[in-house]
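Asker: Following this message is one structure expressed as structure tokens.
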Amino acid sequence: MIESVEIEKSLSLDDYERVVHLTQAVRLLREQAARLVPELAGRKVWMVNSTAHGGGVAEMLPRIVSLLNELGLPTEWVVMGTEETRFFDLTKRIHNLIHGEGDPNLSAEDREVYERVSAENAADLKQRVRPEDLLVIHDPQPVGMGAILKREIGMPFFFRCHIGLDRDGPQHEAAWSFLHPYVEPCDYAIFSAPEYIPPFVAGKAGIIAPAIDPLSAKNRELSAHELAEVLKNAGLAQSSHPVVPNDFSEQVTRLDHNGRFQRMDEETEIGIPFRPIVTQISRWDRLKGFDKLLEAFVLMKQGIGKKALSEWQRRRLASVRLVLAGPEPAAVADDPEAVEVLEELTAAYRALPHWIQPDVALLSLPMGSREENGLMVNALQRCSSVVVQNSVREGFGLTVTEAMWKQRGVLGSRACGIRQQIRDGIDGRLVEDGQNAEDLSSLLAEMLEDLAGRNRWGQAAQRRVHEEFLVFAQVRRWIEVLADHVRP
Ligand code: UDP
């Protein structure tokens, strides 16, 4: 069933334009909108996806939707849904297949479930849309309903796919041949990298790079004072000093040696912001590569006594801690794979040598408030010496963009989405093979040692995000694509 997502009232373009380093980007956007939005007069854009919370798409949509509205193009975000759990099990499988993982046999029954749920949702949305409106379908879950609406009322239909794989294989092929009948009728398909475009839409496909909102709770600058407040109020650091704002509505919890998430106290806190921290924040997904990162970190710690190190190197490696953070278990209870990954990581943590356990923090981030969750991620990234994204596969990886924007030293795997953002040795470092714990461990140690390098990569990274991956450029591209397709 279709549900509208209310966009919280937030910043206006004037607010962005006032920030000196954003002024130019906002002006360019306004100029372009003044030229092209009149061509779209009388139409409304419908953004459709399958979740209002969690993951990169739900992260980006609120800002895109509110900017399009402000620029005079009425836009609404709706989420499809169903009671049939089999539908989301299937679309999760399709998601993994597009990333090259899983059993490629999709059955006639799978198709029947997919088409039934697509038809129900299409019937629901059909009550609200008009033929001249523009339908933007995000990712494979709602693409079936997109094809139905196109067939039944002929509205322009755009497929925006945020995932992809840069190589062929039976899984990948199975997923695209399952989706072919639903994607084929689209007027235009948009991907995050050229490598992801399946051959059957090649003649009508283009690229829009994902992007971040530089003034969101997750990405905005935090003064030293605000940072201290967030750390304290989120339960990430202890302090006996009074802090003016109240505690957050929910606190970060840390896995203890019994495998339970508990609030931190003086004894169990991580040592932020004093110690060097290596951080990865992701959904609990096997393809995010948490397990190898943990293994690499342990190797690095175990190597301290075995290598000839200067006093500084030894002190740095001895004090560094690893933070692996993701959504609280309650928020992923309906995602069997996330539950499994969290269980595996919990088991791996409990099996660590006792002396290493204090140096590894598995954190559960409350998801109840988008604002508070954003501030937690923001503070964790800003307090990190190295932000890692060790994904086995990554469509794009907004966590990388977020850390680059904050001038962090980013260590990425060579997954295609990460390669779109980081050029090795220029805006960060890419590990040769993120599935090889030795490789990962030595690059991590190297980056921790190289403060000058981290500063240099961080500056280049921020510049790159500024030029290519901020929401203003993305909205410009959207307006261009939409206008191009309604022109007679
Ligand atoms: N994220 C978050 N809290 C978490 C884990 C992830 O806010 O506990 C955010 C993260 O900051 C990023 C998004 O979720 O903005 C993940 O997007 P990405 O493109 O990295 O990966 P996806 O989840 O879409 O595969």
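Chain labels A, B, ... are given in the sequence in which chains occur in the structure tokens; within each chain residues are numbered consecutively from 1, and ligands are likewise numbered from 1 in the order shown.
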Please return as a tab-separated table (two decimals) with all heavy atoms, in the first residue's frame the residues found within 6 Å of ligand 1, counting only C-alpha atoms and all ligand atoms.
Answerer:
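The resulting file, out-v1.tsv, is reproduced below:
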chain	number	residue	atom	x	y	z
A	54	GLY	N	16.46	4.44	6.63
A	54	GLY	CA	17.58	3.50	6.48
A	54	GLY	C	18.07	3.40	5.06
A	54	GLY	O	17.28	3.35	4.11
A	55	GLY	N	19.40	3.41	4.92
A	55	GLY	CA	20.00	3.24	3.60
A	55	GLY	C	20.12	4.56	2.85
A	55	GLY	O	19.56	5.59	3.26
A	56	GLY	N	20.85	4.50	1.75
A	56	GLY	CA	21.22	5.70	1.02
A	56	GLY	C	20.06	6.43	0.37
A	56	GLY	O	20.05	7.66	0.31
A	59	GLU	N	18.03	8.39	2.66
A	59	GLU	CA	18.90	9.45	3.14
A	59	GLU	C	18.83	10.67	2.20
A	59	GLU	O	18.80	11.81	2.64
A	59	GLU	CB	20.32	8.88	3.18
A	59	GLU	CG	21.40	9.80	3.66
A	59	GLU	CD	21.30	10.07	5.14
A	59	GLU	OE1	20.74	9.22	5.87
A	59	GLU	OE2	21.75	11.15	5.54
A	281	ILE	N	30.76	2.76	9.56
A	281	ILE	CA	29.33	2.84	9.89
A	281	ILE	C	28.56	2.35	8.66
A	281	ILE	O	28.74	2.89	7.57
A	281	ILE	CB	28.90	4.29	10.19
A	281	ILE	CG1	29.76	4.88	11.30
A	281	ILE	CG2	27.42	4.36	10.54
A	281	ILE	CD1	29.54	6.37	11.53
A	282	SER	N	27.76	1.33	8.83
A	282	SER	CA	27.00	0.79	7.69
A	282	SER	C	25.77	0.06	8.21
A	282	SER	O	25.68	-0.23	9.40
A	282	SER	CB	27.81	-0.26	6.93
A	282	SER	OG	28.86	0.31	6.23
A	283	ARG	N	24.90	-0.30	7.28
A	283	ARG	CA	23.86	-1.26	7.64
A	283	ARG	C	24.56	-2.59	7.92
A	283	ARG	O	25.65	-2.85	7.41
A	283	ARG	CB	22.87	-1.43	6.48
A	283	ARG	CG	21.97	-0.24	6.26
A	283	ARG	CD	21.02	-0.45	5.10
A	283	ARG	NE	21.71	-0.65	3.84
A	283	ARG	CZ	21.87	-1.83	3.24
A	283	ARG	NH1	21.36	-2.93	3.77
A	283	ARG	NH2	22.52	-1.92	2.09
A	326	GLY	N	26.24	0.49	13.46
A	326	GLY	CA	25.13	0.29	12.54
A	326	GLY	C	23.81	0.47	13.28
A	326	GLY	O	23.79	0.76	14.48
A	327	PRO	N	22.70	0.30	12.56
A	327	PRO	CA	21.40	0.54	13.17
A	327	PRO	C	21.11	-0.41	14.33
A	327	PRO	O	21.56	-1.55	14.33
A	327	PRO	CB	20.41	0.29	12.03
A	327	PRO	CG	21.20	-0.01	10.82
A	327	PRO	CD	22.62	-0.12	11.16
A	365	LEU	N	23.28	2.10	16.96
A	365	LEU	CA	22.83	3.50	16.88
A	365	LEU	C	21.31	3.55	16.83
A	365	LEU	O	20.71	2.98	15.91
A	365	LEU	CB	23.40	4.18	15.63
A	365	LEU	CG	24.91	4.12	15.42
A	365	LEU	CD1	25.31	4.92	14.16
A	365	LEU	CD2	25.68	4.66	16.62
A	374	GLY	N	21.58	11.24	12.84
A	374	GLY	CA	22.50	11.97	11.97
A	374	GLY	C	23.63	12.60	12.77
A	374	GLY	O	24.80	12.54	12.38
A	396	PHE	N	27.24	2.88	-4.52
A	396	PHE	CA	27.93	4.17	-4.47
A	396	PHE	C	28.65	4.29	-3.13
A	396	PHE	O	29.86	4.31	-3.07
A	396	PHE	CB	26.95	5.33	-4.68
A	396	PHE	CG	27.64	6.66	-4.84
A	396	PHE	CD1	28.33	6.98	-6.00
A	396	PHE	CD2	27.59	7.60	-3.82
A	396	PHE	CE1	28.98	8.21	-6.14
A	396	PHE	CE2	28.22	8.84	-3.96
A	396	PHE	CZ	28.92	9.13	-5.12
A	397	GLY	N	27.87	4.31	-2.04
A	397	GLY	CA	28.49	4.39	-0.72
A	397	GLY	C	28.49	5.81	-0.19
A	397	GLY	O	29.50	6.49	-0.19
A	398	LEU	N	27.31	6.24	0.29
A	398	LEU	CA	27.22	7.61	0.82
A	398	LEU	C	28.08	7.79	2.05
A	398	LEU	O	28.53	8.90	2.34
A	398	LEU	CB	25.77	7.94	1.16
A	398	LEU	CG	24.87	8.27	-0.02
A	398	LEU	CD1	23.45	8.49	0.46
A	398	LEU	CD2	25.37	9.52	-0.75
A	399	THR	N	28.33	6.70	2.79
A	399	THR	CA	29.18	6.83	3.98
A	399	THR	C	30.56	7.33	3.57
A	399	THR	O	31.20	8.07	4.32
A	399	THR	CB	29.33	5.47	4.68
A	399	THR	OG1	29.67	4.52	3.68
A	399	THR	CG2	28.07	5.06	5.38
Asker: Once DSSP has gone over the backbone, tell me which residues of range 212-358 of chain A are in strand (DSSP E), as a PyMOL selection string.
Answerer: chain A and resi 253-255+261-263+277-281+321-327
Asker: Can you tell me, as an MDAnalysis selection string, which residues in range 186-375 of chain A count as alpha helix (DSSP H) by DSSP?
Answerer: chainID A and resid 224:233 290:303 311:319 336:350 370:375
Asker: Work out how far apart CA of Ala58 in chain A and CA of Arg382 in chain A are and give it in Å to one decimal.
Answerer: 22.3 Å
Asker: So that I can see what lies close to Thr51 in chain A, please list as an MDAnalysis selection string the residues with an atom at most 9 Å from it, counting only C-alpha atoms and leaving out residues fewer than 5 positions away in the same chain.
Answerer: chainID A and resid 57:58 78:81
Asker: Got a sec: who's within 9 Å of range 456-473 of chain A, counting only C-alpha atoms, leaving out chain neighbours fewer than 4 positions off, as a PDB file with N, CA, C and O atoms, in the first residue's frame?
Answerer:
ATOM      1  N   HIS A  21      30.806  29.017   1.161  1.00  0.00           N
ATOM      2  CA  HIS A  21      31.323  28.078   0.167  1.00  0.00           C
ATOM      3  C   HIS A  21      30.205  27.345  -0.583  1.00  0.00           C
ATOM      4  O   HIS A  21      30.486  26.529  -1.449  1.00  0.00           O
ATOM      5  N   LEU A  22      28.941  27.649  -0.261  1.00  0.00           N
ATOM      6  CA  LEU A  22      27.841  27.018  -1.001  1.00  0.00           C
ATOM      7  C   LEU A  22      27.143  28.002  -1.941  1.00  0.00           C
ATOM      8  O   LEU A  22      26.334  27.617  -2.784  1.00  0.00           O
ATOM      9  N   ALA A  25      27.206  27.337  -5.787  1.00  0.00           N
ATOM     10  CA  ALA A  25      26.459  26.143  -6.198  1.00  0.00           C
ATOM     11  C   ALA A  25      24.953  26.415  -6.178  1.00  0.00           C
ATOM     12  O   ALA A  25      24.215  25.978  -7.070  1.00  0.00           O
ATOM     13  N   VAL A  26      24.495  27.160  -5.177  1.00  0.00           N
ATOM     14  CA  VAL A  26      23.063  27.463  -5.090  1.00  0.00           C
ATOM     15  C   VAL A  26      22.651  28.395  -6.236  1.00  0.00           C
ATOM     16  O   VAL A  26      21.605  28.206  -6.859  1.00  0.00           O
ATOM     17  N   LEU A  28      23.977  28.628  -9.214  1.00  0.00           N
ATOM     18  CA  LEU A  28      23.915  27.841 -10.451  1.00  0.00           C
ATOM     19  C   LEU A  28      22.608  27.058 -10.532  1.00  0.00           C
ATOM     20  O   LEU A  28      21.969  26.980 -11.574  1.00  0.00           O
ATOM     21  N   LEU A  29      22.226  26.494  -9.390  1.00  0.00           N
ATOM     22  CA  LEU A  29      20.979  25.727  -9.356  1.00  0.00           C
ATOM     23  C   LEU A  29      19.777  26.624  -9.637  1.00  0.00           C
ATOM     24  O   LEU A  29      18.900  26.297 -10.439  1.00  0.00           O
ATOM     25  N   MET A  60      18.812  10.400   0.903  1.00  0.00           N
ATOM     26  CA  MET A  60      18.897  11.503  -0.063  1.00  0.00           C
ATOM     27  C   MET A  60      17.548  12.145  -0.403  1.00  0.00           C
ATOM     28  O   MET A  60      17.483  13.317  -0.714  1.00  0.00           O
ATOM     29  N   ARG A  63      15.913  15.737   0.993  1.00  0.00           N
ATOM     30  CA  ARG A  63      16.499  16.993   0.528  1.00  0.00           C
ATOM     31  C   ARG A  63      16.153  17.253  -0.938  1.00  0.00           C
ATOM     32  O   ARG A  63      15.808  18.365  -1.327  1.00  0.00           O
ATOM     33  N   ILE A  64      16.221  16.204  -1.770  1.00  0.00           N
ATOM     34  CA  ILE A  64      15.892  16.391  -3.196  1.00  0.00           C
ATOM     35  C   ILE A  64      14.449  16.858  -3.319  1.00  0.00           C
ATOM     36  O   ILE A  64      14.129  17.799  -4.052  1.00  0.00           O
ATOM     37  N   LEU A  67      13.997  20.483  -2.143  1.00  0.00           N
ATOM     38  CA  LEU A  67      14.576  21.474  -3.066  1.00  0.00           C
ATOM     39  C   LEU A  67      13.740  21.595  -4.344  1.00  0.00           C
ATOM     40  O   LEU A  67      13.488  22.695  -4.829  1.00  0.00           O
ATOM     41  N   ALA A 209      25.095  11.164 -10.235  1.00  0.00           N
ATOM     42  CA  ALA A 209      25.864  10.760  -9.051  1.00  0.00           C
ATOM     43  C   ALA A 209      25.031  11.031  -7.811  1.00  0.00           C
ATOM     44  O   ALA A 209      24.376  12.067  -7.719  1.00  0.00           O
ATOM     45  N   PRO A 210      25.027  10.109  -6.870  1.00  0.00           N
ATOM     46  CA  PRO A 210      24.375  10.385  -5.593  1.00  0.00           C
ATOM     47  C   PRO A 210      25.043  11.581  -4.907  1.00  0.00           C
ATOM     48  O   PRO A 210      26.106  12.030  -5.339  1.00  0.00           O
ATOM     49  N   ALA A 211      24.422  12.073  -3.878  1.00  0.00           N
ATOM     50  CA  ALA A 211      24.956  13.298  -3.285  1.00  0.00           C
ATOM     51  C   ALA A 211      24.527  13.436  -1.835  1.00  0.00           C
ATOM     52  O   ALA A 211      23.598  12.768  -1.391  1.00  0.00           O
ATOM     53  N   ILE A 212      25.211  14.315  -1.130  1.00  0.00           N
ATOM     54  CA  ILE A 212      24.852  14.555   0.269  1.00  0.00           C
ATOM     55  C   ILE A 212      24.393  16.001   0.468  1.00  0.00           C
ATOM     56  O   ILE A 212      24.692  16.878  -0.348  1.00  0.00           O
ATOM     57  N   ASP A 213      23.711  16.190   1.575  1.00  0.00           N
ATOM     58  CA  ASP A 213      23.253  17.515   1.969  1.00  0.00           C
ATOM     59  C   ASP A 213      24.279  18.086   2.956  1.00  0.00           C
ATOM     60  O   ASP A 213      24.427  17.558   4.061  1.00  0.00           O
ATOM     61  N   PRO A 214      24.962  19.154   2.563  1.00  0.00           N
ATOM     62  CA  PRO A 214      26.058  19.629   3.415  1.00  0.00           C
ATOM     63  C   PRO A 214      25.604  20.257   4.726  1.00  0.00           C
ATOM     64  O   PRO A 214      26.424  20.449   5.623  1.00  0.00           O
ATOM     65  N   THR A 401      31.166   9.337   0.909  1.00  0.00           N
ATOM     66  CA  THR A 401      30.986  10.761   0.595  1.00  0.00           C
ATOM     67  C   THR A 401      30.943  11.583   1.886  1.00  0.00           C
ATOM     68  O   THR A 401      31.553  12.654   1.977  1.00  0.00           O
ATOM     69  N   GLU A 402      30.206  11.062   2.866  1.00  0.00           N
ATOM     70  CA  GLU A 402      30.058  11.788   4.133  1.00  0.00           C
ATOM     71  C   GLU A 402      31.416  11.982   4.808  1.00  0.00           C
ATOM     72  O   GLU A 402      31.726  13.068   5.313  1.00  0.00           O
ATOM     73  N   ALA A 403      32.237  10.956   4.809  1.00  0.00           N
ATOM     74  CA  ALA A 403      33.550  11.058   5.464  1.00  0.00           C
ATOM     75  C   ALA A 403      34.496  11.943   4.652  1.00  0.00           C
ATOM     76  O   ALA A 403      35.295  12.703   5.211  1.00  0.00           O
ATOM     77  N   MET A 404      34.391  11.885   3.314  1.00  0.00           N
ATOM     78  CA  MET A 404      35.234  12.740   2.462  1.00  0.00           C
ATOM     79  C   MET A 404      34.901  14.213   2.704  1.00  0.00           C
ATOM     80  O   MET A 404      35.775  15.065   2.788  1.00  0.00           O
ATOM     81  N   TRP A 405      33.607  14.477   2.833  1.00  0.00           N
ATOM     82  CA  TRP A 405      33.160  15.849   3.078  1.00  0.00           C
ATOM     83  C   TRP A 405      33.763  16.387   4.373  1.00  0.00           C
ATOM     84  O   TRP A 405      34.055  17.564   4.516  1.00  0.00           O
ATOM     85  N   LYS A 406      33.960  15.488   5.344  1.00  0.00           N
ATOM     86  CA  LYS A 406      34.495  15.903   6.653  1.00  0.00           C
ATOM     87  C   LYS A 406      36.015  15.852   6.673  1.00  0.00           C
ATOM     88  O   LYS A 406      36.623  15.867   7.754  1.00  0.00           O
ATOM     89  N   GLN A 407      36.620  15.740   5.498  1.00  0.00           N
ATOM     90  CA  GLN A 407      38.085  15.744   5.368  1.00  0.00           C
ATOM     91  C   GLN A 407      38.762  14.622   6.130  1.00  0.00           C
ATOM     92  O   GLN A 407      39.868  14.791   6.643  1.00  0.00           O
ATOM     93  N   ARG A 408      38.083  13.508   6.251  1.00  0.00           N
ATOM     94  CA  ARG A 408      38.721  12.367   6.944  1.00  0.00           C
ATOM     95  C   ARG A 408      39.632  11.614   5.984  1.00  0.00           C
ATOM     96  O   ARG A 408      39.461  11.679   4.759  1.00  0.00           O
ATOM     97  N   GLY A 409      40.568  10.867   6.555  1.00  0.00           N
ATOM     98  CA  GLY A 409      41.322   9.918   5.753  1.00  0.00           C
ATOM     99  C   GLY A 409      40.395   8.737   5.511  1.00  0.00           C
ATOM    100  O   GLY A 409      39.961   8.090   6.466  1.00  0.00           O
ATOM    101  N   VAL A 410      40.042   8.496   4.266  1.00  0.00           N
ATOM    102  CA  VAL A 410      39.104   7.404   4.003  1.00  0.00           C
ATOM    103  C   VAL A 410      39.850   6.221   3.390  1.00  0.00           C
ATOM    104  O   VAL A 410      40.629   6.393   2.445  1.00  0.00           O
ATOM    105  N   GLN A 421      34.371   7.506  -6.330  1.00  0.00           N
ATOM    106  CA  GLN A 421      34.585   8.660  -5.456  1.00  0.00           C
ATOM    107  C   GLN A 421      36.052   8.867  -5.092  1.00  0.00           C
ATOM    108  O   GLN A 421      36.559   9.972  -5.166  1.00  0.00           O
ATOM    109  N   ILE A 422      36.714   7.785  -4.698  1.00  0.00           N
ATOM    110  CA  ILE A 422      38.100   7.929  -4.237  1.00  0.00           C
ATOM    111  C   ILE A 422      39.066   7.501  -5.325  1.00  0.00           C
ATOM    112  O   ILE A 422      38.959   6.404  -5.865  1.00  0.00           O
ATOM    113  N   GLY A 425      45.282   7.412  -3.421  1.00  0.00           N
ATOM    114  CA  GLY A 425      46.443   8.284  -3.243  1.00  0.00           C
ATOM    115  C   GLY A 425      46.130   9.744  -3.532  1.00  0.00           C
ATOM    116  O   GLY A 425      46.985  10.609  -3.362  1.00  0.00           O
ATOM    117  N   ILE A 426      44.917  10.032  -3.974  1.00  0.00           N
ATOM    118  CA  ILE A 426      44.551  11.445  -4.220  1.00  0.00           C
ATOM    119  C   ILE A 426      43.524  11.912  -3.188  1.00  0.00           C
ATOM    120  O   ILE A 426      43.770  12.829  -2.423  1.00  0.00           O
ATOM    121  N   ASP A 427      42.367  11.228  -3.166  1.00  0.00           N
ATOM    122  CA  ASP A 427      41.349  11.655  -2.192  1.00  0.00           C
ATOM    123  C   ASP A 427      41.184  10.660  -1.056  1.00  0.00           C
ATOM    124  O   ASP A 427      40.211  10.731  -0.303  1.00  0.00           O
ATOM    125  N   GLY A 428      42.090   9.724  -0.941  1.00  0.00           N
ATOM    126  CA  GLY A 428      41.993   8.702   0.102  1.00  0.00           C
ATOM    127  C   GLY A 428      42.813   7.516  -0.362  1.00  0.00           C
ATOM    128  O   GLY A 428      43.624   7.647  -1.288  1.00  0.00           O
ATOM    129  N   ARG A 429      42.597   6.378   0.254  1.00  0.00           N
ATOM    130  CA  ARG A 429      43.339   5.190  -0.157  1.00  0.00           C
ATOM    131  C   ARG A 429      42.380   4.044  -0.428  1.00  0.00           C
ATOM    132  O   ARG A 429      41.341   3.908   0.224  1.00  0.00           O
ATOM    133  N   LEU A 451      50.052  11.157   9.065  1.00  0.00           N
ATOM    134  CA  LEU A 451      49.158  12.279   9.357  1.00  0.00           C
ATOM    135  C   LEU A 451      49.140  13.290   8.198  1.00  0.00           C
ATOM    136  O   LEU A 451      48.081  13.763   7.790  1.00  0.00           O
ATOM    137  N   ALA A 452      50.312  13.561   7.641  1.00  0.00           N
ATOM    138  CA  ALA A 452      50.368  14.538   6.541  1.00  0.00           C
ATOM    139  C   ALA A 452      49.551  14.027   5.352  1.00  0.00           C
ATOM    140  O   ALA A 452      48.807  14.769   4.716  1.00  0.00           O
ATOM    141  N   ARG A 477      20.835  18.045 -12.166  1.00  0.00           N
ATOM    142  CA  ARG A 477      20.754  16.929 -13.122  1.00  0.00           C
ATOM    143  C   ARG A 477      19.318  16.418 -13.234  1.00  0.00           C
ATOM    144  O   ARG A 477      18.830  16.116 -14.314  1.00  0.00           O
ATOM    145  N   TRP A 478      18.627  16.332 -12.092  1.00  0.00           N
ATOM    146  CA  TRP A 478      17.236  15.853 -12.135  1.00  0.00           C
ATOM    147  C   TRP A 478      16.365  16.757 -13.001  1.00  0.00           C
ATOM    148  O   TRP A 478      15.591  16.295 -13.834  1.00  0.00           O
TER     149      TRP A 478
END
Asker: List as a list in words the protein and nucleic acid residues near Val388 in chain A, meaning an atom at most 6 Å away when only C-alpha atoms are counted, but skip any in the same chain fewer than 5 places from it.
Answerer: Thr279, Gln280, Val410, Leu411 and Gly412 of chain A
Asker: Compile the contact shell of Leu165 in chain A as number ranges by chain: residues with an atom at most 7 Å away, counting only C-alpha atoms, same-chain residues fewer than 6 positions apart removed.
Answerer: A: 98-99, 196
Asker: How would the residues just picked look written out with N, CA and C atoms as a PDB file, in the first residue's frame?
Answerer:
ATOM      1  N   ILE A  98      21.790  -8.643  -8.001  1.00  0.00           N
ATOM      2  CA  ILE A  98      22.374  -7.558  -8.808  1.00  0.00           C
ATOM      3  C   ILE A  98      23.808  -7.297  -8.356  1.00  0.00           C
ATOM      4  N   HIS A  99      24.048  -7.539  -7.076  1.00  0.00           N
ATOM      5  CA  HIS A  99      25.413  -7.407  -6.565  1.00  0.00           C
ATOM      6  C   HIS A  99      26.221  -8.698  -6.730  1.00  0.00           C
ATOM      7  N   TYR A 196      27.095   0.107 -14.544  1.00  0.00           N
ATOM      8  CA  TYR A 196      25.909  -0.580 -14.029  1.00  0.00           C
ATOM      9  C   TYR A 196      24.774  -0.717 -15.045  1.00  0.00           C
TER      10      TYR A 196
END
Asker: Tell me which protein, DNA and RNA residues are within 12 Å of Ala318 in chain A, counting only C-alpha atoms, leaving out same-chain ones fewer than 4 positions away, and put them as a list of chain:residue names.
Answerer: A:Arg275, A:Pro276, A:Ile277, A:Phe297, A:Val298, A:Met300, A:Lys301, A:Gln302, A:Gly303, A:Ile304, A:Gly305, A:Leu309, A:Glu311, A:Trp312, A:Gln313, A:Arg314, A:Leu322, A:Trp355, A:Ile356, A:Pro358, A:Asp359, A:Ala445, A:Leu448
Asker: Restrict the selected residues to N, CA, C and O atoms and save them as a compact mmCIF listing (two decimals), in the first residue's frame.
Answerer:
# COMPACT_ATOMS: atom_id res chain seq x y z
N ARG A 275 41.34 9.16 21.97
CA ARG A 275 42.13 8.14 21.27
C ARG A 275 41.96 8.24 19.75
O ARG A 275 40.93 8.71 19.28
N PRO A 276 42.95 7.74 19.00
CA PRO A 276 42.70 7.59 17.56
C PRO A 276 41.62 6.54 17.35
O PRO A 276 41.59 5.52 18.06
N ILE A 277 40.75 6.81 16.41
CA ILE A 277 39.62 5.89 16.17
C ILE A 277 39.57 5.53 14.69
O ILE A 277 39.77 6.38 13.82
N PHE A 297 41.93 -5.43 11.90
CA PHE A 297 42.26 -4.61 13.07
C PHE A 297 42.98 -5.46 14.12
O PHE A 297 43.97 -5.04 14.72
N VAL A 298 42.47 -6.66 14.32
CA VAL A 298 43.09 -7.56 15.30
C VAL A 298 44.53 -7.90 14.87
O VAL A 298 45.45 -7.86 15.68
N MET A 300 46.46 -6.07 13.11
CA MET A 300 47.31 -4.89 13.33
C MET A 300 47.73 -4.79 14.80
O MET A 300 48.89 -4.55 15.11
N LYS A 301 46.78 -5.04 15.68
CA LYS A 301 47.10 -4.97 17.12
C LYS A 301 48.10 -6.06 17.51
O LYS A 301 49.01 -5.83 18.28
N GLN A 302 47.88 -7.26 16.95
CA GLN A 302 48.77 -8.36 17.30
C GLN A 302 50.19 -8.13 16.78
O GLN A 302 51.15 -8.66 17.31
N GLY A 303 50.28 -7.31 15.71
CA GLY A 303 51.60 -7.08 15.10
C GLY A 303 52.45 -6.09 15.89
O GLY A 303 53.65 -5.97 15.63
N ILE A 304 51.85 -5.38 16.84
CA ILE A 304 52.58 -4.29 17.50
C ILE A 304 53.90 -4.79 18.11
O ILE A 304 54.95 -4.19 17.90
N GLY A 305 53.84 -5.91 18.82
CA GLY A 305 55.05 -6.40 19.50
C GLY A 305 56.06 -7.02 18.53
O GLY A 305 57.22 -7.23 18.90
N LEU A 309 59.16 -0.61 15.76
CA LEU A 309 58.35 0.61 15.65
C LEU A 309 58.99 1.70 16.51
O LEU A 309 59.61 1.42 17.53
N GLU A 311 58.73 4.89 19.09
CA GLU A 311 57.90 5.06 20.29
C GLU A 311 56.51 5.62 19.92
O GLU A 311 55.49 5.16 20.41
N TRP A 312 56.50 6.63 18.99
CA TRP A 312 55.24 7.23 18.59
C TRP A 312 54.35 6.21 17.90
O TRP A 312 53.14 6.13 18.13
N GLN A 313 54.95 5.46 16.97
CA GLN A 313 54.16 4.47 16.22
C GLN A 313 53.54 3.47 17.20
O GLN A 313 52.38 3.12 17.10
N ARG A 314 54.36 3.04 18.14
CA ARG A 314 53.88 2.03 19.08
C ARG A 314 52.73 2.59 19.91
O ARG A 314 51.69 1.96 20.10
N LEU A 322 38.78 0.49 17.37
CA LEU A 322 37.94 0.26 16.20
C LEU A 322 36.47 0.43 16.58
O LEU A 322 36.02 -0.14 17.58
N TRP A 355 42.26 -9.32 25.83
CA TRP A 355 43.00 -8.04 25.87
C TRP A 355 42.62 -7.13 24.70
O TRP A 355 42.82 -5.92 24.76
N ILE A 356 42.08 -7.70 23.63
CA ILE A 356 41.71 -6.84 22.48
C ILE A 356 40.28 -6.32 22.61
O ILE A 356 39.95 -5.25 22.09
N PRO A 358 38.50 -4.55 24.70
CA PRO A 358 38.23 -3.13 24.97
C PRO A 358 38.53 -2.22 23.79
O PRO A 358 38.02 -1.11 23.70
N ASP A 359 39.37 -2.70 22.87
CA ASP A 359 39.75 -1.87 21.72
C ASP A 359 38.78 -1.98 20.55
O ASP A 359 38.98 -1.36 19.50
N ALA A 445 47.47 0.47 9.09
CA ALA A 445 48.61 0.92 9.91
C ALA A 445 49.35 2.05 9.20
O ALA A 445 49.72 3.07 9.81
N LEU A 448 47.37 5.26 9.48
CA LEU A 448 47.38 5.82 10.83
C LEU A 448 48.69 6.57 11.08
O LEU A 448 48.74 7.58 11.77
Asker: Between CA of Ile94 in chain A and CA of Leu482 in chain A, measure the distance and give it in Å to one decimal.
Answerer: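 These two atoms are separated by 27.4 Å.
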Asker: Would you work out the distance separating CA of Gln238 in chain A from CA of Ala348 in chain A, expressed in Å to one decimal?
Answerer: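 Going from CA of Gln238 in chain A over to CA of Ala348 in chain A covers 26.9 Å.
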Asker: May I ask which of the residues A:Ala175, A:Met264, A:Ile190, A:Ile148 is the closest one to His162 in chain A, counting only C-alpha atoms?
Answerer: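 Closest to His162 in chain A, using only C-alpha atoms: A:Ile190.
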